[in-house]
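Below is one structure, written out as structure tokens; the observations come after it.
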Amino acid sequence: MITGEIRSKVDALWNAFWTGGISNPLEVIEQITYLLFLKRLDDLHTLEENKAARLKRPLERRIFPEGADPKKRPYDDLRWSRFKHFEAKEMFEVVNDHVFPFLRTLGGDGSTYAHHMKDARFTIPTPALLTKVVDMIDAVPMEDRDTKGDLYEYMLGKIAAAGQNGQFRTPRHIIQLMVEMTAPTAKDTICDPASGTCGFLVAAGEYLREHQPEILRDPQMKRHFHEQAFHGYDFDNTMLRIGSMNMLLHGVEQPDIRYRDSLGQDHAGEEEKYTLVLANPPFAGSLDYESCAKDLQQMVKTKKTELLFLALILRLLKPGGRAAVIVPDGVLFGSSTAHKTLRRMLVEEQKLDAVISLPGGVFKPYAGVSTAILLFTKTNSGGTDHVWFYDVQADGQSLDDKRTELLPPEKLGPVPLALRSLGEGGSAKLSPEEHAKNNLPDVLARWRTLPQIISHKSEIINPSAEAQRPRTAQSFLVPKADLAAQNYDLSLNRYKEVIHEEIAHRPPGEILARLAELEKDIAQGMKELEGMLR
């Protein structure tokens, strides 16, 4: 966890950037990201030096070459541990004129991040501001993976808070819910085709570290974790840099984070490659038919990005692969041919597992759109018997623009810290008052009971409390036949039954008689007041 002191330093630094003339939060975090990368390069070089000294051998892998750069500055001066001690003006000159040209030509540390450095630009405007940033980064204990990961998450939160770039960031507790529900395994190959800051991939990595620590002890599994498990695509180079650094700071050395127009390029070589897809694809736009990949248009003829992304995810998944995807409510009930085709495909040709309806304010302050999480498994042979619906009414935060936390931090999220000691089943045991403010632990606990009640030919094999819940409850199961009868409409309100409470009203005659009595009382009171005034 990052302390209040580090938090206030970041806030002060952010303000310094704003007063220094850099007001775009993406640019702020990009500049900080470059400097974090520089510090990492120096740490790696120091590690190699210590290893060489211990083994009394020459350096195996030299990041900073011997000698001087083309402008005659010794390469040693380009190291973080050296230039951080320079006087402000000289530090600024070294970073601007020597370090950044060196970064652009660097193969670097072999990480994915290094590949996105070729167009790195240094835009910190003054020596004083650079000194402040360097001092702040130097004060953070970067050897602690959790601290540096949390620090970067905190800074990414500022992108969302700034408003216009908020679409890059899915709320962390929603990401965590989706990861917990899909439960990644050590053998999974995970993809996010609209990766942004790589929030889903980071959360999946953290889940694996916590639930399957053996992956970092077995050499083969460790290599898979660092090099083959995580794949993210984006077509914004800034986001690729930020996402790669986010993965790097969370301890994933070489994830496959690369430039790719997910909807615009054909997917030869990518289809049926992944076992798990986690995504919150952009859903506010439409593409021209000409600029959209032909293989997606063959699946579903549409210009809408949210439908094209669902078609893409079905292409990317291996048979047996699973997905958790955030979609706008329009996907659930849209009446166009493309909407209906895609929903029918999910229900009849694949296995649609669940529809989790999220409250309208989840993406505030920058979007008030109502959304849902679709969970499905690619089978290419059907398999949907019952679909589980859950109506999330509270996610632990207020649903207005402020998004204030409604419970103490240890009782927030899908797996509240206060309840982890109770084990897997204990995560649903918030009090009724707390549940009314945070439904996510209940979503997860009920979801985990579902594998025991998998149905066969629409008959529930092992009826449990969840299978017997009425349609008036917060969660319930709907058989496939009902979905087909409603033209594959997946909106929860189509199946939820609402009980109207019967209210007994008094007869109108009785109400009128009571009004006449009141009028009499008022007239009597008025007369008494007049008498007092005489």
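Please note that chains go A, B, ... in the order of the structure tokens, that every chain numbers its residues from 1, and that ligands are numbered from 1 in the order shown.
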**Prompt:** Just asking: which residues within region 215-250 of chain A are alpha helix (DSSP H) according to DSSP, as a ChimeraX atom specification?
**Reply:** /A:219-223,237-249
Go ahead and write the selection's residues with N, CA and C atoms as a PDB file, in the first residue's frame.
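That gives us again36.pdb:
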ATOM      1  N   PRO A 219      10.365 -23.124 -13.319  1.00  0.00           N
ATOM      2  CA  PRO A 219      10.977 -22.315 -14.393  1.00  0.00           C
ATOM      3  C   PRO A 219      10.103 -22.219 -15.650  1.00  0.00           C
ATOM      4  N   GLN A 220       9.468 -23.324 -16.040  1.00  0.00           N
ATOM      5  CA  GLN A 220       8.650 -23.309 -17.258  1.00  0.00           C
ATOM      6  C   GLN A 220       7.407 -22.428 -17.079  1.00  0.00           C
ATOM      7  N   MET A 221       6.745 -22.568 -15.919  1.00  0.00           N
ATOM      8  CA  MET A 221       5.556 -21.768 -15.645  1.00  0.00           C
ATOM      9  C   MET A 221       5.917 -20.290 -15.489  1.00  0.00           C
ATOM     10  N   LYS A 222       7.094 -20.059 -14.921  1.00  0.00           N
ATOM     11  CA  LYS A 222       7.541 -18.673 -14.732  1.00  0.00           C
ATOM     12  C   LYS A 222       7.760 -18.003 -16.085  1.00  0.00           C
ATOM     13  N   ARG A 223       8.372 -18.736 -17.019  1.00  0.00           N
ATOM     14  CA  ARG A 223       8.593 -18.185 -18.356  1.00  0.00           C
ATOM     15  C   ARG A 223       7.260 -17.902 -19.047  1.00  0.00           C
ATOM     16  N   ASN A 237      -0.078   4.910 -29.084  1.00  0.00           N
ATOM     17  CA  ASN A 237       1.278   4.606 -28.596  1.00  0.00           C
ATOM     18  C   ASN A 237       1.498   5.045 -27.156  1.00  0.00           C
ATOM     19  N   THR A 238       0.852   6.147 -26.759  1.00  0.00           N
ATOM     20  CA  THR A 238       0.985   6.600 -25.366  1.00  0.00           C
ATOM     21  C   THR A 238       0.421   5.538 -24.424  1.00  0.00           C
ATOM     22  N   MET A 239      -0.756   5.013 -24.785  1.00  0.00           N
ATOM     23  CA  MET A 239      -1.368   3.997 -23.926  1.00  0.00           C
ATOM     24  C   MET A 239      -0.539   2.710 -23.907  1.00  0.00           C
ATOM     25  N   LEU A 240       0.113   2.395 -25.029  1.00  0.00           N
ATOM     26  CA  LEU A 240       0.971   1.203 -25.066  1.00  0.00           C
ATOM     27  C   LEU A 240       2.134   1.359 -24.079  1.00  0.00           C
ATOM     28  N   ARG A 241       2.704   2.561 -24.043  1.00  0.00           N
ATOM     29  CA  ARG A 241       3.809   2.808 -23.103  1.00  0.00           C
ATOM     30  C   ARG A 241       3.324   2.722 -21.661  1.00  0.00           C
ATOM     31  N   ILE A 242       2.185   3.380 -21.396  1.00  0.00           N
ATOM     32  CA  ILE A 242       1.662   3.403 -20.028  1.00  0.00           C
ATOM     33  C   ILE A 242       1.260   1.992 -19.595  1.00  0.00           C
ATOM     34  N   GLY A 243       0.588   1.262 -20.497  1.00  0.00           N
ATOM     35  CA  GLY A 243       0.172  -0.107 -20.184  1.00  0.00           C
ATOM     36  C   GLY A 243       1.361  -1.030 -19.950  1.00  0.00           C
ATOM     37  N   SER A 244       2.378  -0.923 -20.800  1.00  0.00           N
ATOM     38  CA  SER A 244       3.575  -1.768 -20.642  1.00  0.00           C
ATOM     39  C   SER A 244       4.272  -1.482 -19.319  1.00  0.00           C
ATOM     40  N   MET A 245       4.371  -0.191 -18.973  1.00  0.00           N
ATOM     41  CA  MET A 245       5.018   0.167 -17.705  1.00  0.00           C
ATOM     42  C   MET A 245       4.191  -0.335 -16.523  1.00  0.00           C
ATOM     43  N   ASN A 246       2.865  -0.272 -16.634  1.00  0.00           N
ATOM     44  CA  ASN A 246       1.999  -0.778 -15.565  1.00  0.00           C
ATOM     45  C   ASN A 246       2.277  -2.264 -15.329  1.00  0.00           C
ATOM     46  N   MET A 247       2.405  -3.026 -16.420  1.00  0.00           N
ATOM     47  CA  MET A 247       2.706  -4.461 -16.300  1.00  0.00           C
ATOM     48  C   MET A 247       4.093  -4.678 -15.693  1.00  0.00           C
ATOM     49  N   LEU A 248       5.041  -3.881 -16.161  1.00  0.00           N
ATOM     50  CA  LEU A 248       6.427  -4.000 -15.694  1.00  0.00           C
ATOM     51  C   LEU A 248       6.512  -3.737 -14.191  1.00  0.00           C
ATOM     52  N   LEU A 249       5.824  -2.683 -13.740  1.00  0.00           N
ATOM     53  CA  LEU A 249       5.873  -2.323 -12.321  1.00  0.00           C
ATOM     54  C   LEU A 249       5.111  -3.324 -11.461  1.00  0.00           C
TER      55      LEU A 249
END
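Computed from the coordinates, the CA of Ile215 (chain A) to CA of Thr185 (chain A) distance equals 9.7 Å.
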**Prompt:** Using only C-alpha atoms, which residues sit within 12 Å of Lys132 (chain A) once same-chain residues fewer than 3 positions away are excluded, as a ChimeraX atom specification?
**Reply:** /A:9-10,12-17,20,32,35,84,88,91-92,124,126-129,135-139
Kindly provide the residues of region 339-364 of chain A that approach region 402-410 of chain A to within 12 Å, each paired with its closest atom pair and their distance in Å to one decimal, based on only C-alpha atoms, listed by chain and increasing number, as JSON lines.
{"residue": "A:Gly360", "atom": "CA", "partner": "A:Arg403", "partner_atom": "CA", "distance": 12.0}
{"residue": "A:Gly361", "atom": "CA", "partner": "A:Arg403", "partner_atom": "CA", "distance": 8.2}
{"residue": "A:Val362", "atom": "CA", "partner": "A:Arg403", "partner_atom": "CA", "distance": 8.3}
{"residue": "A:Phe363", "atom": "CA", "partner": "A:Arg403", "partner_atom": "CA", "distance": 9.2}
{"residue": "A:Lys364", "atom": "CA", "partner": "A:Arg403", "partner_atom": "CA", "distance": 7.2}
**Request:** List the neighbours of Ile174 (chain A) out to 9 Å using only C-alpha atoms; skip same-chain residues closer than 4 positions along the sequence, and give me the result as number ranges by chain.
**Result:** A: 170, 178-179, 362, 395, 413-414, 440
**Message:** Neighbouring residues of region 429-434 of chain A were defined as those with any atom within 10 Å, considering only C-alpha atoms; residues of the same chain fewer than 2 positions away were excluded. Please report them as a list in words.
**Reply:** Ala394, Gly396, Leu406, Leu407, Lys411, Leu412, Pro416, Ala418, Leu419, Leu422, Gly425, Gly426, Ser427, Ala436, Lys437, Asn438, Asn439, Pro441, Asp442 and Ala445 of chain A
**Prompt:** Of the residues A:Glu272, A:Ala484, A:Glu349, A:Ser491, which is the one nearest to Pro328 (chain A), using only C-alpha atoms?
**Reply:** A:Ser491
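Distance annotation: of A:Cys191, A:Val300, A:Ile22, A:Leu316, the residue with the minimal separation from Leu278 (chain A) is A:Cys191; atom set is only C-alpha atoms.
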**Request:** Within 10 Å of region 324-326 of chain A, counting only C-alpha atoms, which residues show up once you throw out same-chain ones fewer than 2 positions away? Write them as an MDAnalysis selection string, please.
**Result:** chainID A and resid 170 174:175 177:179 181:182 192 276:283 306 309:310 313 322 328:329 353:358 371:377
**Request:** Would you mind listing what lies within 10 Å of Met299 (chain A) as a count of residues only, with only C-alpha atoms counted and same-chain residues fewer than 3 positions away left out?
**Result:** 13
**Request:** Determine which residues of region 296-410 of chain A DSSP labels as strand (DSSP E or B) from the backbone of this structure, then write them out as number ranges by chain.
**Result:** A: 304, 317-328, 351-357, 371-377, 386-391, 395, 397, 405
